[in-house]
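Asker: Pasting target.json below, which is JSON, C-alpha atoms.
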```json
[["chain", "number", "residue", "atom", "x", "y", "z"],
["R", 102, "MET", "CA", 88.91, 8.73, 111.03],
["R", 103, "LYS", "CA", 87.46, 6.20, 113.45],
["R", 104, "PRO", "CA", 86.55, 7.39, 116.97],
["R", 105, "LYS", "CA", 89.23, 6.73, 119.56],
["R", 106, "VAL", "CA", 88.45, 4.04, 122.12],
["R", 107, "LEU", "CA", 90.17, 4.63, 125.45],
["R", 108, "VAL", "CA", 90.51, 1.75, 127.90],
["R", 109, "GLY", "CA", 91.71, 1.94, 131.48],
["R", 110, "LEU", "CA", 91.52, 0.51, 134.97],
["R", 111, "ARG", "CA", 89.26, 2.07, 137.55],
["R", 112, "LEU", "CA", 90.89, 1.98, 140.97],
["R", 113, "THR", "CA", 90.09, 3.55, 144.31],
["R", 114, "CYS", "CA", 93.18, 5.71, 143.91],
["R", 115, "GLY", "CA", 92.34, 6.86, 140.37],
["R", 116, "VAL", "CA", 92.70, 5.80, 136.75],
["R", 117, "ILE", "CA", 95.94, 4.32, 135.42],
["R", 118, "PRO", "CA", 96.52, 5.11, 131.70],
["R", 119, "SER", "CA", 96.96, 2.09, 129.48],
["R", 120, "SER", "CA", 100.28, 3.49, 128.23],
["R", 121, "ILE", "CA", 102.03, 2.63, 131.53],
["R", 122, "TRP", "CA", 100.48, -0.76, 132.19],
["R", 123, "GLU", "CA", 102.58, -3.91, 132.45],
["R", 124, "LYS", "CA", 100.33, -6.94, 132.44],
["R", 125, "GLY", "CA", 101.03, -9.29, 135.35],
["R", 126, "LYS", "CA", 98.36, -11.97, 135.59],
["R", 127, "THR", "CA", 94.86, -12.78, 134.47],
["R", 128, "SER", "CA", 92.02, -13.88, 136.74],
["R", 129, "TYR", "CA", 88.46, -12.88, 137.50],
["R", 130, "ASP", "CA", 89.96, -9.74, 139.00],
["R", 131, "LEU", "CA", 92.52, -8.31, 136.59],
["R", 132, "GLY", "CA", 95.94, -7.64, 138.13],
["R", 133, "TYR", "CA", 98.44, -5.19, 136.68],
["R", 134, "LYS", "CA", 101.97, -4.39, 137.80],
["R", 135, "LEU", "CA", 102.95, -0.75, 138.06],
["R", 136, "ARG", "CA", 106.29, 0.38, 139.49],
["R", 137, "ASN", "CA", 106.72, -2.97, 141.27],
["R", 138, "ASP", "CA", 103.38, -2.70, 143.08],
["R", 139, "TRP", "CA", 100.34, -4.91, 142.40],
["R", 140, "PHE", "CA", 96.97, -3.33, 141.89],
["R", 141, "ILE", "CA", 93.78, -5.39, 141.68],
["R", 142, "CYS", "CA", 90.98, -3.96, 139.61],
["R", 143, "ASN", "CA", 87.43, -5.30, 139.72],
["R", 144, "THR", "CA", 86.13, -3.32, 136.75],
["R", 145, "MET", "CA", 87.39, -2.06, 133.43],
["R", 146, "TRP", "CA", 86.24, 1.25, 131.92],
["R", 147, "LYS", "CA", 85.94, 1.88, 128.24],
["R", 148, "LYS", "CA", 84.83, 5.01, 126.44],
["R", 149, "THR", "CA", 84.63, 6.27, 122.89],
["R", 150, "CYS", "CA", 86.11, 9.67, 122.13],
["R", 151, "TYR", "CA", 85.30, 11.77, 119.09],
["R", 152, "ARG", "CA", 86.85, 14.51, 117.02],
["R", 153, "ILE", "CA", 84.25, 17.27, 117.16],
["R", 154, "VAL", "CA", 83.96, 20.56, 115.31],
["R", 155, "VAL", "CA", 81.73, 23.13, 117.03],
["R", 156, "LYS", "CA", 80.67, 26.23, 115.12],
["R", 157, "VAL", "CA", 79.19, 29.22, 116.93],
["R", 158, "GLY", "CA", 77.54, 31.99, 114.97],
["R", 159, "THR", "CA", 77.57, 35.72, 115.47],
["R", 160, "SER", "CA", 74.07, 35.75, 116.94],
["R", 161, "THR", "CA", 75.23, 33.26, 119.59],
["R", 162, "LEU", "CA", 78.38, 35.18, 120.51],
["R", 163, "THR", "CA", 76.92, 38.70, 120.62],
["R", 164, "HIS", "CA", 73.95, 40.60, 121.99],
["R", 165, "ASP", "CA", 71.51, 42.44, 119.75],
["R", 166, "THR", "CA", 73.64, 45.53, 120.29],
["R", 167, "GLY", "CA", 76.66, 43.75, 118.78],
["R", 168, "SER", "CA", 78.59, 43.62, 122.05],
["R", 169, "ILE", "CA", 80.02, 40.30, 123.21],
["R", 170, "ASN", "CA", 77.67, 37.93, 125.03],
["R", 171, "LEU", "CA", 80.06, 36.93, 127.82],
["R", 172, "ARG", "CA", 77.56, 34.61, 129.50],
["R", 173, "ASN", "CA", 77.16, 32.50, 126.37],
["R", 174, "ILE", "CA", 80.89, 32.44, 125.67],
["R", 175, "GLU", "CA", 81.69, 31.40, 129.24],
["R", 176, "ARG", "CA", 79.22, 28.52, 129.01],
["R", 177, "LEU", "CA", 80.66, 27.47, 125.66],
["R", 178, "VAL", "CA", 84.22, 27.49, 127.00],
["R", 179, "ARG", "CA", 83.24, 25.47, 130.07],
["R", 180, "VAL", "CA", 81.45, 22.80, 128.04],
["R", 181, "LEU", "CA", 84.22, 22.45, 125.45],
["R", 182, "SER", "CA", 86.89, 22.31, 128.15],
["R", 183, "ASP", "CA", 84.93, 19.60, 129.91],
["R", 184, "LEU", "CA", 84.62, 17.57, 126.71],
["R", 185, "CYS", "CA", 88.38, 17.85, 126.24],
["R", 186, "GLY", "CA", 88.82, 16.53, 129.75],
["R", 187, "TYR", "CA", 86.73, 13.52, 128.81],
["R", 188, "GLY", "CA", 89.07, 12.77, 125.93],
["R", 189, "HIS", "CA", 87.32, 14.31, 122.94],
["R", 190, "GLU", "CA", 89.28, 16.39, 120.42],
["R", 191, "ILE", "CA", 87.67, 19.81, 119.90],
["R", 192, "ILE", "CA", 87.92, 22.33, 117.06],
["R", 193, "LEU", "CA", 86.03, 25.61, 117.48],
["R", 194, "VAL", "CA", 84.89, 27.61, 114.45],
["R", 195, "SER", "CA", 83.95, 31.06, 115.65],
["R", 196, "SER", "CA", 82.21, 33.88, 113.83],
["R", 197, "GLY", "CA", 81.64, 37.41, 115.06],
["R", 198, "ALA", "CA", 84.76, 39.36, 114.05],
["R", 199, "ILE", "CA", 82.96, 42.18, 112.25],
["R", 200, "ALA", "CA", 80.16, 42.46, 114.81],
["R", 201, "VAL", "CA", 82.59, 42.49, 117.75],
["R", 202, "GLY", "CA", 84.90, 44.92, 115.94],
["R", 203, "SER", "CA", 81.97, 47.24, 115.24],
["R", 204, "ALA", "CA", 81.09, 47.27, 118.94],
["R", 205, "LYS", "CA", 84.71, 47.76, 119.97],
["R", 206, "LEU", "CA", 85.01, 50.77, 117.65],
["R", 207, "ALA", "CA", 81.59, 52.07, 118.74],
["R", 208, "LEU", "CA", 80.35, 52.16, 115.16],
["R", 209, "PRO", "CA", 76.64, 53.01, 114.80],
["R", 210, "GLU", "CA", 76.11, 50.16, 112.32],
["R", 211, "ARG", "CA", 77.90, 47.39, 110.45],
["R", 212, "PRO", "CA", 80.31, 48.93, 107.89],
["R", 213, "LYS", "CA", 79.21, 48.82, 104.27],
["R", 214, "GLU", "CA", 82.50, 49.55, 102.50],
["R", 215, "LEU", "CA", 84.70, 46.48, 101.95],
["R", 216, "ARG", "CA", 87.93, 47.98, 103.31],
["R", 217, "MET", "CA", 86.11, 49.17, 106.44],
["R", 218, "LYS", "CA", 84.58, 45.73, 106.95],
["R", 219, "GLN", "CA", 88.01, 44.13, 106.70],
["R", 220, "ALA", "CA", 89.57, 46.66, 109.06],
["R", 221, "THR", "CA", 86.74, 46.16, 111.56],
["R", 222, "ALA", "CA", 87.17, 42.38, 111.31],
["R", 223, "ALA", "CA", 90.86, 42.74, 112.20],
["R", 224, "VAL", "CA", 89.95, 44.60, 115.38],
["R", 225, "GLY", "CA", 87.15, 42.19, 116.26],
["R", 226, "GLN", "CA", 89.22, 39.05, 115.69],
["R", 227, "CYS", "CA", 91.88, 40.30, 118.09],
["R", 228, "ARG", "CA", 89.22, 40.98, 120.71],
["R", 229, "ILE", "CA", 87.56, 37.57, 120.30],
["R", 230, "MET", "CA", 90.83, 35.64, 120.59],
["R", 231, "HIS", "CA", 91.82, 37.60, 123.68],
["R", 232, "ILE", "CA", 88.59, 36.53, 125.36],
["R", 233, "TYR", "CA", 88.90, 32.89, 124.27],
["R", 234, "ASP", "CA", 92.51, 32.72, 125.43],
["R", 235, "LYS", "CA", 91.65, 34.16, 128.82],
["R", 236, "LEU", "CA", 88.55, 32.01, 129.46],
["R", 237, "PHE", "CA", 90.01, 28.71, 128.23],
["R", 238, "ALA", "CA", 93.12, 29.33, 130.36],
["R", 239, "GLU", "CA", 90.89, 29.30, 133.45],
["R", 240, "TYR", "CA", 90.22, 25.63, 132.64],
["R", 241, "ASN", "CA", 93.89, 24.96, 131.87],
["R", 242, "ARG", "CA", 93.23, 24.73, 128.15],
["R", 243, "THR", "CA", 95.41, 26.18, 125.40],
["R", 244, "VAL", "CA", 93.94, 27.63, 122.21],
["R", 245, "ALA", "CA", 95.48, 28.39, 118.82],
["R", 246, "GLN", "CA", 94.20, 30.77, 116.17],
["R", 247, "ILE", "CA", 93.81, 29.60, 112.58],
["R", 248, "LEU", "CA", 92.55, 32.09, 109.98],
["R", 249, "LEU", "CA", 91.69, 30.65, 106.58],
["R", 250, "THR", "CA", 91.03, 31.81, 103.04],
["R", 251, "GLY", "CA", 89.49, 29.86, 100.21],
["R", 252, "GLU", "CA", 92.90, 29.25, 98.68],
["R", 253, "ASP", "CA", 94.08, 27.51, 101.85],
["R", 254, "VAL", "CA", 91.57, 24.70, 101.44],
["R", 255, "GLU", "CA", 91.34, 24.73, 97.64],
["R", 256, "ASP", "CA", 95.06, 24.25, 96.95],
["R", 257, "GLU", "CA", 96.04, 20.63, 97.52],
["R", 258, "LYS", "CA", 99.48, 21.35, 98.97],
["R", 259, "ARG", "CA", 98.28, 24.10, 101.29],
["R", 260, "ALA", "CA", 95.38, 21.96, 102.42],
["R", 261, "ALA", "CA", 97.80, 19.14, 103.28],
["R", 262, "HIS", "CA", 99.93, 21.52, 105.37],
["R", 263, "LEU", "CA", 96.78, 22.81, 107.04],
["R", 264, "SER", "CA", 95.64, 19.29, 107.86],
["R", 265, "GLY", "CA", 99.05, 18.59, 109.39],
["R", 266, "THR", "CA", 98.78, 21.70, 111.54],
["R", 267, "PHE", "CA", 95.40, 20.61, 112.88],
["R", 268, "GLU", "CA", 96.74, 17.13, 113.62],
["R", 269, "ALA", "CA", 99.74, 18.54, 115.49],
["R", 270, "LEU", "CA", 97.60, 20.89, 117.57],
["R", 271, "LEU", "CA", 95.05, 18.22, 118.46],
["R", 272, "SER", "CA", 97.78, 15.74, 119.36],
["R", 273, "MET", "CA", 98.99, 18.24, 121.97],
["R", 274, "GLY", "CA", 95.51, 18.76, 123.40],
["R", 275, "ILE", "CA", 95.25, 22.27, 121.96],
["R", 276, "ILE", "CA", 91.89, 23.66, 120.82],
["R", 277, "PRO", "CA", 92.16, 25.33, 117.37],
["R", 278, "VAL", "CA", 89.92, 28.38, 117.02],
["R", 279, "VAL", "CA", 89.11, 28.89, 113.34],
["R", 280, "ASN", "CA", 87.64, 31.77, 111.37],
["R", 281, "GLU", "CA", 87.81, 33.02, 107.83],
["R", 282, "ASN", "CA", 90.57, 35.60, 107.39],
["R", 283, "ASP", "CA", 88.23, 38.50, 106.64],
["R", 284, "SER", "CA", 91.10, 41.00, 106.59],
["R", 285, "VAL", "CA", 92.49, 39.49, 103.38],
["R", 286, "SER", "CA", 89.55, 37.46, 102.06],
["R", 287, "SER", "CA", 86.27, 38.95, 100.91],
["R", 288, "ALA", "CA", 84.51, 35.66, 100.18],
["R", 289, "GLU", "CA", 82.12, 35.98, 103.11],
["R", 290, "ILE", "CA", 81.78, 39.71, 103.54],
["R", 291, "GLU", "CA", 81.54, 40.58, 99.84],
["R", 292, "THR", "CA", 79.81, 38.51, 97.17],
["R", 293, "GLY", "CA", 81.82, 37.36, 94.18],
["R", 294, "ASN", "CA", 81.80, 35.00, 91.26],
["R", 295, "HIS", "CA", 83.96, 32.37, 92.92],
["R", 296, "LYS", "CA", 83.74, 31.48, 96.59],
["R", 297, "VAL", "CA", 85.13, 28.39, 98.29],
["R", 298, "LEU", "CA", 84.07, 29.39, 101.78],
["R", 299, "GLY", "CA", 81.62, 32.28, 101.84],
["R", 300, "ASP", "CA", 80.22, 31.72, 105.34],
["R", 301, "ASN", "CA", 81.28, 29.98, 108.51],
["R", 302, "ASP", "CA", 78.69, 27.22, 108.18],
["R", 303, "THR", "CA", 80.46, 26.14, 105.00],
["R", 304, "LEU", "CA", 83.86, 26.80, 106.59],
["R", 305, "SER", "CA", 83.07, 24.55, 109.55],
["R", 306, "ALA", "CA", 81.96, 21.73, 107.24],
["R", 307, "ILE", "CA", 85.14, 22.04, 105.18],
["R", 308, "VAL", "CA", 87.22, 21.97, 108.36],
["R", 309, "ALA", "CA", 85.30, 18.91, 109.57],
["R", 310, "SER", "CA", 85.99, 17.16, 106.27],
["R", 311, "LEU", "CA", 89.64, 18.22, 106.21],
["R", 312, "CYS", "CA", 90.23, 16.99, 109.77],
["R", 313, "HIS", "CA", 88.18, 13.78, 109.35],
["R", 314, "ALA", "CA", 85.90, 14.81, 112.19],
["R", 315, "ASP", "CA", 83.23, 12.48, 113.55],
["R", 316, "LEU", "CA", 80.73, 15.18, 114.44],
["R", 317, "LEU", "CA", 79.98, 18.78, 113.42],
["R", 318, "ILE", "CA", 77.74, 20.88, 115.67],
["R", 319, "LEU", "CA", 76.31, 24.19, 114.43],
["R", 320, "MET", "CA", 75.15, 26.33, 117.36],
["R", 321, "SER", "CA", 72.70, 28.82, 115.90],
["R", 322, "ASP", "CA", 69.77, 31.05, 116.90],
["R", 323, "ILE", "CA", 67.24, 28.37, 115.99],
["R", 324, "ASP", "CA", 66.48, 24.92, 117.43],
["R", 325, "GLY", "CA", 67.06, 23.11, 114.14],
["R", 326, "LEU", "CA", 65.39, 22.46, 110.79],
["R", 327, "TYR", "CA", 61.63, 22.97, 110.75],
["R", 328, "ASN", "CA", 59.13, 21.88, 108.11],
["R", 329, "LYS", "CA", 57.91, 25.52, 108.07],
["R", 330, "ASP", "CA", 59.28, 28.85, 109.22],
["R", 331, "PRO", "CA", 58.72, 28.85, 113.03],
["R", 332, "ARG", "CA", 58.97, 32.65, 113.12],
["R", 333, "THR", "CA", 55.81, 33.01, 111.05],
["R", 334, "ASP", "CA", 53.98, 29.67, 111.49],
["R", 335, "SER", "CA", 53.04, 28.42, 114.96],
["R", 336, "ASN", "CA", 52.35, 24.95, 113.54],
["R", 337, "ALA", "CA", 55.93, 24.45, 112.40],
["R", 338, "LYS", "CA", 57.43, 21.15, 113.55],
["R", 339, "LEU", "CA", 61.08, 20.45, 114.31],
["R", 340, "ILE", "CA", 62.67, 17.69, 112.24],
["R", 341, "HIS", "CA", 65.01, 15.68, 114.48],
["R", 342, "SER", "CA", 66.60, 13.29, 111.95],
["R", 343, "VAL", "CA", 67.63, 13.71, 108.32],
["R", 344, "TYR", "CA", 69.17, 10.73, 106.50],
["R", 345, "GLU", "CA", 69.07, 12.23, 103.01],
["R", 346, "ILE", "CA", 68.99, 15.84, 101.86],
["R", 347, "THR", "CA", 66.21, 15.80, 99.30],
["R", 348, "ASP", "CA", 64.58, 18.59, 97.29],
["R", 349, "GLU", "CA", 61.79, 18.58, 99.87],
["R", 350, "ILE", "CA", 64.31, 19.24, 102.63],
["R", 351, "ARG", "CA", 65.92, 22.03, 100.61],
["R", 352, "THR", "CA", 62.60, 23.83, 100.14],
["R", 353, "MET", "CA", 62.30, 24.08, 103.93],
["R", 354, "ALA", "CA", 65.37, 26.35, 104.05],
["R", 355, "GLY", "CA", 64.82, 30.11, 103.93],
["R", 356, "GLY", "CA", 67.13, 33.08, 103.47],
["R", 357, "ALA", "CA", 69.76, 34.60, 105.73],
["R", 358, "GLY", "CA", 69.29, 34.74, 109.47],
["R", 359, "SER", "CA", 69.78, 37.72, 111.79],
["R", 360, "TRP", "CA", 71.28, 41.05, 110.72],
["R", 361, "ARG", "CA", 74.44, 40.34, 112.71],
["R", 362, "GLY", "CA", 75.33, 37.22, 110.75],
["R", 363, "THR", "CA", 75.44, 36.05, 107.16],
["R", 364, "GLY", "CA", 74.21, 32.47, 107.50],
["R", 365, "GLY", "CA", 70.71, 31.05, 107.22],
["R", 366, "MET", "CA", 69.20, 27.59, 107.00],
["R", 367, "ALA", "CA", 70.15, 27.34, 103.32],
["R", 368, "THR", "CA", 73.86, 27.66, 104.16],
["R", 369, "LYS", "CA", 73.45, 25.08, 106.92],
["R", 370, "LEU", "CA", 72.01, 22.58, 104.45],
["R", 371, "GLN", "CA", 74.98, 23.22, 102.16],
["R", 372, "ALA", "CA", 77.26, 22.57, 105.12],
["R", 373, "ALA", "CA", 75.36, 19.40, 105.92],
["R", 374, "GLU", "CA", 75.90, 18.08, 102.38],
["R", 375, "ILE", "CA", 79.66, 18.62, 102.73],
["R", 376, "ALA", "CA", 79.81, 17.08, 106.20],
["R", 377, "VAL", "CA", 77.72, 13.97, 105.62],
["R", 378, "GLY", "CA", 79.45, 13.38, 102.30],
["R", 379, "SER", "CA", 82.74, 13.09, 104.20],
["R", 380, "GLY", "CA", 81.33, 10.66, 106.77],
["R", 381, "CYS", "CA", 80.64, 13.22, 109.49],
["R", 382, "ASP", "CA", 77.31, 13.64, 111.28],
["R", 383, "MET", "CA", 76.08, 17.23, 111.60],
["R", 384, "VAL", "CA", 73.70, 18.68, 114.17],
["R", 385, "ILE", "CA", 71.97, 22.07, 114.17],
["R", 386, "SER", "CA", 71.10, 23.21, 117.70],
["R", 387, "ASN", "CA", 70.22, 26.36, 119.63],
["R", 388, "GLY", "CA", 73.25, 28.29, 120.83],
["R", 389, "SER", "CA", 71.37, 29.69, 123.82],
["R", 390, "ARG", "CA", 71.55, 26.22, 125.42],
["R", 391, "MET", "CA", 75.25, 25.34, 125.43],
["R", 392, "ASP", "CA", 74.76, 22.39, 127.81],
["R", 393, "ASP", "CA", 72.85, 20.65, 125.00],
["R", 394, "ILE", "CA", 76.25, 19.92, 123.44],
["R", 395, "TYR", "CA", 76.71, 17.16, 126.03],
["R", 396, "GLY", "CA", 73.52, 15.43, 124.90],
["R", 397, "ILE", "CA", 74.37, 15.88, 121.23],
["R", 398, "VAL", "CA", 77.72, 14.16, 121.71],
["R", 399, "GLU", "CA", 75.92, 11.34, 123.53],
["R", 400, "GLY", "CA", 73.58, 10.92, 120.54],
["R", 401, "LYS", "CA", 70.42, 12.25, 122.18],
["R", 402, "GLU", "CA", 67.57, 13.68, 120.10],
["R", 403, "ILE", "CA", 68.48, 17.36, 120.29],
["R", 404, "GLY", "CA", 68.08, 19.77, 117.40],
["R", 405, "THR", "CA", 68.32, 18.32, 113.89],
["R", 406, "ARG", "CA", 70.88, 15.62, 113.17],
["R", 407, "PHE", "CA", 72.00, 14.99, 109.60],
["R", 408, "TYR", "CA", 73.41, 11.47, 109.48],
["R", 409, "ALA", "CA", 76.53, 10.63, 107.50],
["R", 410, "LYS", "CA", 75.93, 8.67, 104.35],
["R", 411, "GLY", "CA", 75.72, 4.95, 104.88],
["R", 412, "LYS", "CA", 74.33, 5.06, 108.41],
["R", 413, "GLU", "CA", 71.23, 3.03, 109.06],
["R", 414, "LYS", "CA", 67.94, 4.60, 110.07]]
```
Do you think you could lay out the structure here as structure tokens?

Answerer:
Amino acid sequence: MKPKVLVGLRLTCGVIPSSIWEKGKTSYDLGYKLRNDWFICNTMWKKTCYRIVVKVGTSTLTHDTGSINLRNIERLVRVLSDLCGYGHEIILVSSGAIAVGSAKLALPERPKELRMKQATAAVGQCRIMHIYDKLFAEYNRTVAQILLTGEDVEDEKRAAHLSGTFEALLSMGIIPVVNENDSVSSAEIETGNHKVLGDNDTLSAIVASLCHADLLILMSDIDGLYNKDPRTDSNAKLIHSVYEITDEIRTMAGGAGSWRGTGGMATKLQAAEIAVGSGCDMVISNGSRMDDIYGIVEGKEIGTRFYAKGKEK
């Protein structure tokens, strides 16, 4: 999918969408006829809009106690709503169902038994969507819940229906909120021999590929990819640009991240390979700084950007 290019007239009274223009005459100042009145415009505006998938991890959405981090979620909702207002199409991939469910049920720790994990996820997912629906509504934005299993993206027919659903929602200006359906799928919360998804880093990359997104942003608890582990080595340096995922890059990835989540840098590299292979840039950035999303969309050097294959250095 190529980014949308929106063109309009900038007038003292506001912006007139191109869909209702009727061209009248051409001169140094462009004149357009609208409802039998002439408007003279001295400048044209033009902007490029993207289809963006934003993934937020459990450590970004919750406190160390497992309870919901409302401050972070409010910032996230404000930024994404603002980007929608600009003209971008937004898909949100949100983790946190088990952690939020555990807090809601006042469990002393994350459940260990599969059926209890799935039951807790059902409670947590309901809680998360209630909060998203309420906060996005304050910015006049509508959200839709999409819960996926591996079979949904693996089966060609189901994947086609899923793609159509995303297209329909985005065409109406609705923000899809995506998560793995933990209540019926154990791919992420229980290891197995065959996993299509397995974690929400991978899920977000698959969604980005399925929806032909231009940009995937992973908001995590780390600034990006470092050449060494920054938690143990003070000399670690942040890598801002990756044009090819080599063996050297892979060796920089460690194990899983915080106890509340399942993802680590290794899963983010796997997600990057899926994303860039489908023509989508991917950026890893720190979820504690939600306003950085603006700069990432503008192409600024924030976090680590994995460039889609074929892009020049």

Asker: Which residue gives the smallest distance to Ala207 of chain R among R:Val178, R:Ala367, R:Ile232, R:Val224, with all atoms listed in the file counted?

Answerer: R:Val224

Asker: For Glu402 of chain R, please output as an mmCIF file with C-alpha atoms, in the frame of the given file all residues within 12 Å (counting all atoms listed in the file; exclusion window: fewer than 5 positions along the same chain).

Answerer:
```cif
data_model
loop_
_atom_site.group_PDB
_atom_site.id
_atom_site.type_symbol
_atom_site.label_atom_id
_atom_site.label_comp_id
_atom_site.auth_asym_id
_atom_site.auth_seq_id
_atom_site.Cartn_x
_atom_site.Cartn_y
_atom_site.Cartn_z
ATOM 1 C CA ASP R 324 66.480 24.920 117.430
ATOM 2 C CA GLY R 325 67.060 23.110 114.140
ATOM 3 C CA LEU R 339 61.080 20.450 114.310
ATOM 4 C CA ILE R 340 62.670 17.690 112.240
ATOM 5 C CA HIS R 341 65.010 15.680 114.480
ATOM 6 C CA SER R 342 66.600 13.290 111.950
ATOM 7 C CA VAL R 343 67.630 13.710 108.320
ATOM 8 C CA VAL R 384 73.700 18.680 114.170
ATOM 9 C CA ILE R 385 71.970 22.070 114.170
ATOM 10 C CA SER R 386 71.100 23.210 117.700
ATOM 11 C CA ASP R 393 72.850 20.650 125.000
ATOM 12 C CA ILE R 394 76.250 19.920 123.440
ATOM 13 C CA TYR R 395 76.710 17.160 126.030
ATOM 14 C CA GLY R 396 73.520 15.430 124.900
ATOM 15 C CA ILE R 397 74.370 15.880 121.230
ATOM 16 C CA PHE R 407 72.000 14.990 109.600
#
```

Asker: For the atom pair atom CA of Leu249 of chain R and atom CA of Asn282 of chain R, what is the interatomic distance in Å to one decimal place?

Answerer: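 For atom CA of Leu249 of chain R relative to atom CA of Asn282 of chain R, the distance reads 5.1 Å.
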
Asker: List every protein, DNA or RNA residue that has at least one atom no more than 12 Å from (82.7, 25.5, 108.5) in the file's coordinates, counting all atoms listed in the file, and write the result as number ranges by chain.

Answerer: R: 154-158, 192-196, 248-251, 254, 278-281, 289, 297-312, 314, 317-320, 364, 368-376, 383

Asker: Find, counting only C-alpha atoms, the residue in R:Thr352, R:Asn173, R:Thr166, R:Asn387 that gets nearest to Pro209 of chain R.

Answerer: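 Ranked by minimum distance to Pro209 of chain R, first place goes to R:Thr166.
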
Asker: Which residue, R:Lys205, R:Ile350, R:Phe237, R:Lys338, has the smallest gap to Pro277 of chain R when you use all atoms listed in the file?

Answerer: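 Nearest to Pro277 of chain R: R:Phe237.
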
Asker: Residues within 6 Å of Cys381 of chain R, please, as a ChimeraX atom specification. Count only C-alpha atoms; anything in the same chain fewer than 2 positions from it doesn't count.

Answerer: /R:315-316,376-377,379,409

Asker: By how many Å are atom CA of Gln219 of chain R and atom CA of Asp283 of chain R apart?

Answerer: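 Atom-to-atom, atom CA of Gln219 of chain R to atom CA of Asp283 of chain R, that is 5.6 Å.
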
Asker: Please report the interatomic distance between atom CA of Ser272 of chain R and atom CA of Tyr408 of chain R in Å with one decimal.

Answerer: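 Atom CA of Tyr408 of chain R lies 26.6 Å from atom CA of Ser272 of chain R.
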
Asker: Write out as a list in words the residues lying within 7 Å of Val201 of chain R, counting all atoms listed in the file and excluding same-chain residues fewer than 4 positions away.

Answerer: Gly167, Ser168, Ile169, Gly197, Lys205 and Gly225 of chain R

Asker: Is there a way to get, as a PyMOL selection string, all residues within 12 Å of the point (94.0, 19.1, 120.9) in file coordinates, counting only C-alpha atoms?

Answerer: chain R and resi 151-154+181-182+184-186+188-193+242-245+266-278+312

Asker: Which one is closest to Asn328 of chain R: R:Lys410, R:Arg259, R:Arg351, R:Arg176? Count all atoms listed in the file.

Answerer: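 The shortest atom-to-atom distance to Asn328 of chain R comes from R:Arg351.
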
Asker: Compile the contact shell of Arg172 of chain R as a ChimeraX atom specification: residues with an atom at most 10 Å away, counting only C-alpha atoms, same-chain residues fewer than 6 positions apart removed.

Answerer: /R:162-163,389

Asker: Could you give me the centre and size, in Å to one decimal, of an axis-aligned box around all listed atoms of segment 310-328 of chain R with 6 Å added on every side, as AutoDock Vina command-line options?

Answerer:
```
--center_x 74.7 --center_y 21.8 --center_z 111.8 --size_x 43.1 --size_y 30.6 --size_z 23.2
```

Asker: I'd like to know which of R:Val285, R:Gly400, R:Gly365, R:Leu171 is closest to Glu252 of chain R, using only C-alpha atoms.

Answerer: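 Of R:Val285, R:Gly400, R:Gly365, R:Leu171, the one nearest Glu252 of chain R is R:Val285, counting only C-alpha atoms.
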
Asker: Residues near Gly202 of chain R, anyone? I mean within 8 Å using only C-alpha atoms, not counting same-chain ones fewer than 4 positions away, as a count of residues only.

Answerer: 9

Asker: Take segment 165-175 of chain R, model N, CA and C atoms, and hand the result over as a PDB file, in the frame of the given file.

Answerer:
```pdb
ATOM      1  N   ASP R 165      72.118  41.710 120.858  1.00  0.00           N
ATOM      2  CA  ASP R 165      71.510  42.440 119.750  1.00  0.00           C
ATOM      3  C   ASP R 165      72.235  43.746 119.458  1.00  0.00           C
ATOM      4  N   THR R 166      72.896  44.287 120.464  1.00  0.00           N
ATOM      5  CA  THR R 166      73.640  45.530 120.290  1.00  0.00           C
ATOM      6  C   THR R 166      74.955  45.317 119.549  1.00  0.00           C
ATOM      7  N   GLY R 167      75.391  44.059 119.421  1.00  0.00           N
ATOM      8  CA  GLY R 167      76.660  43.750 118.780  1.00  0.00           C
ATOM      9  C   GLY R 167      77.775  43.519 119.770  1.00  0.00           C
ATOM     10  N   SER R 168      77.568  43.860 121.035  1.00  0.00           N
ATOM     11  CA  SER R 168      78.590  43.620 122.050  1.00  0.00           C
ATOM     12  C   SER R 168      78.666  42.142 122.390  1.00  0.00           C
ATOM     13  N   ILE R 169      79.788  41.711 122.942  1.00  0.00           N
ATOM     14  CA  ILE R 169      80.020  40.300 123.210  1.00  0.00           C
ATOM     15  C   ILE R 169      79.097  39.765 124.298  1.00  0.00           C
ATOM     16  N   ASN R 170      78.515  38.613 124.055  1.00  0.00           N
ATOM     17  CA  ASN R 170      77.670  37.930 125.030  1.00  0.00           C
ATOM     18  C   ASN R 170      78.564  37.054 125.908  1.00  0.00           C
ATOM     19  N   LEU R 171      79.089  37.628 126.987  1.00  0.00           N
ATOM     20  CA  LEU R 171      80.060  36.930 127.820  1.00  0.00           C
ATOM     21  C   LEU R 171      79.456  35.699 128.494  1.00  0.00           C
ATOM     22  N   ARG R 172      78.193  35.765 128.855  1.00  0.00           N
ATOM     23  CA  ARG R 172      77.560  34.610 129.500  1.00  0.00           C
ATOM     24  C   ARG R 172      77.561  33.405 128.580  1.00  0.00           C
ATOM     25  N   ASN R 173      77.184  33.607 127.323  1.00  0.00           N
ATOM     26  CA  ASN R 173      77.160  32.500 126.370  1.00  0.00           C
ATOM     27  C   ASN R 173      78.567  31.962 126.105  1.00  0.00           C
ATOM     28  N   ILE R 174      79.523  32.870 125.955  1.00  0.00           N
ATOM     29  CA  ILE R 174      80.890  32.440 125.670  1.00  0.00           C
ATOM     30  C   ILE R 174      81.466  31.665 126.845  1.00  0.00           C
ATOM     31  N   GLU R 175      81.200  32.111 128.058  1.00  0.00           N
ATOM     32  CA  GLU R 175      81.690  31.400 129.240  1.00  0.00           C
ATOM     33  C   GLU R 175      81.124  29.993 129.317  1.00  0.00           C
TER      34      GLU R 175
END
```
